[in-house]
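Only one structure is covered here, and it is reproduced in the block below.
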Amino acid sequence: MPMLAILAAATLCVGPVHDGDTIRTCEGERIRIANIDAPEMRNSPKCRDRRRNGWCDYDLAIRSRDALAAFLASGKAKIDRSGKDRYGRTLATISVRGRDAGEYLIEQGLARPWR
């Protein structure tokens with residue numbers, strides 16, 4: 001495969017940002033950012049049932065979502081897919097200009113490492 005085709009395949013067209021750790025691509029693929037946990041949005045089933053252990057800080061959830069959207073809009077996003085989660089979402093790391101989105105959110109206090 002030519003190098004240009006490999007690079008194009010790694011570029012991500014970002015669609016809607018659901019929350020601080022989940023986005024959709026322009027093609028509709030659901031992406032879960034690997035190795036981080038961001039707060040749940042107000043409508044999350046994890047917050048309606050406390051046994052599901054959701055991180056339910058709604059103000060922080062909005063800040064996390066908005067920070068991720070701004071980060072992804074700041075340049076060309078690159079994706080490295082690593083598998084699927086139990087909900088069928090693609091697990092991946094995403095970076096912009098060589099900076100990892102998950103690490104950025106953790107540094108800002110808007111996500112935490114996945115445990």
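Letters for chains follow the order of the structure tokens (A, B, ...), residue numbers begin at 1 for each chain, and ligand numbers begin at 1 in the order shown.
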
Quick one: residues within 7 Å of Thr11 (chain A), only C-alpha atoms, excluding same-chain residues fewer than 6 positions away - as a list in words? Lys76, Ala77, Lys78 and Ile79 of chain A

Write a file of the selected residues as an mmCIF file, in the first residue's frame, keeping N, CA and C atoms.
```
data_model
loop_
_atom_site.group_PDB
_atom_site.id
_atom_site.type_symbol
_atom_site.label_atom_id
_atom_site.label_comp_id
_atom_site.auth_asym_id
_atom_site.auth_seq_id
_atom_site.Cartn_x
_atom_site.Cartn_y
_atom_site.Cartn_z
ATOM 1 N N LYS A 76 -5.832 18.358 12.652
ATOM 2 C CA LYS A 76 -6.200 17.064 12.083
ATOM 3 C C LYS A 76 -6.068 15.981 13.143
ATOM 4 N N ALA A 77 -7.134 15.248 13.341
ATOM 5 C CA ALA A 77 -7.132 14.166 14.328
ATOM 6 C C ALA A 77 -6.644 12.875 13.678
ATOM 7 N N LYS A 78 -5.811 12.165 14.399
ATOM 8 C CA LYS A 78 -5.310 10.849 13.977
ATOM 9 C C LYS A 78 -5.862 9.807 14.937
ATOM 10 N N ILE A 79 -6.139 8.639 14.416
ATOM 11 C CA ILE A 79 -6.737 7.588 15.237
ATOM 12 C C ILE A 79 -5.915 6.308 15.136
#
```

Determine, counting only C-alpha atoms, which protein, DNA and RNA residues have an atom within 9 Å of an atom of Asp66 (chain A); residues of the same chain fewer than 6 positions away are not included. Present the result as a PyMOL selection string. chain A and resi 17+19-20

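Restricting the calculation to only C-alpha atoms, the smallest distance between Asp100 (chain A) and any of A:Ala34, A:Asp85, A:Ser44, A:Pro39 is found for A:Ala34.
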
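CA of Asp21 (chain A) to CA of Ile33 (chain A) spans 5.1 Å [interatomic distance, one decimal].
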
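Using only C-alpha atoms, the protein and nucleic acid residues lying no more than 10 Å from Arg115 (chain A), apart from those fewer than 5 places from it along its own chain, are Asn35, Ile36 and Asp37 of chain A.
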
Just to be explicit: take each residue in the selection above, keep C-alpha atoms, and write the result as a compact mmCIF listing (two decimals), in the first residue's frame.
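Listing of selection-v9.txt after writing:
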```txt
# COMPACT_ATOMS: atom_id res chain seq x y z
CA ASN A 35 -7.65 4.10 28.72
CA ILE A 36 -9.65 7.00 30.16
CA ASP A 37 -12.92 7.49 32.00
```

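For the pair CA of Cys56 (chain A) and CA of Val96 (chain A), the interatomic distance is 27.5 Å.
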
Report the residues of region 13-95 of chain A whose backbone DSSP state falls under helix (DSSP H, G or I), written as a PyMOL selection string. chain A and resi 45-48+50-52+58-73

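Of the residues listed (A:Cys26, A:Arg89, A:Lys84, A:Ala38), A:Ala38 shows the shortest atom-to-atom separation from Pro113 (chain A); distances use only C-alpha atoms.
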
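The neighbours of Arg65 (chain A) here are the residues that come within 12 Å of it, using only C-alpha atoms and leaving out any residue fewer than 5 positions away in the same chain; they are A:Pro16, A:Val17, A:His18, A:Asp19, A:Gly20, A:Asp21, A:Thr22, A:Ile23, A:Asp37, A:Ala38, A:Pro39, A:Glu40, A:Met41, A:Tyr58, A:Asp59, A:Leu60, A:Ala70, A:Phe71, A:Leu72, A:Ala101, A:Gly102, A:Leu105, A:Leu110, A:Ala111.
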
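Here CA of Ser95 (chain A) is placed at a distance of 27.2 Å from CA of Lys46 (chain A).
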
What residues in chain A get the DSSP label strand (DSSP E)? Please answer as a PyMOL selection string. chain A and resi 11-12+14-19+22-25+30-33+36-37+77-84+90-96+99-100+112-113

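Distances from A:Pro45, A:Ser64, A:Ala69, A:Arg32 to Gly15 (chain A) were compared using only C-alpha atoms, and the smallest one belongs to A:Ala69.
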
Of the candidates A:Arg63, A:Arg99, A:Arg30, A:Arg112, which shows the shortest atom-to-atom distance to Tyr87 (chain A), using only C-alpha atoms? A:Arg30

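Of the listed residues (A:Ile62, A:Ser82, A:Leu68, A:Trp55), A:Trp55 comes nearest to Trp114 (chain A); the distances count only C-alpha atoms.
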
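In this comparison, which uses only C-alpha atoms, the residue of A:Ala67, A:Cys47, A:Ile94, A:Val14 approaching Arg81 (chain A) most closely is A:Ile94.
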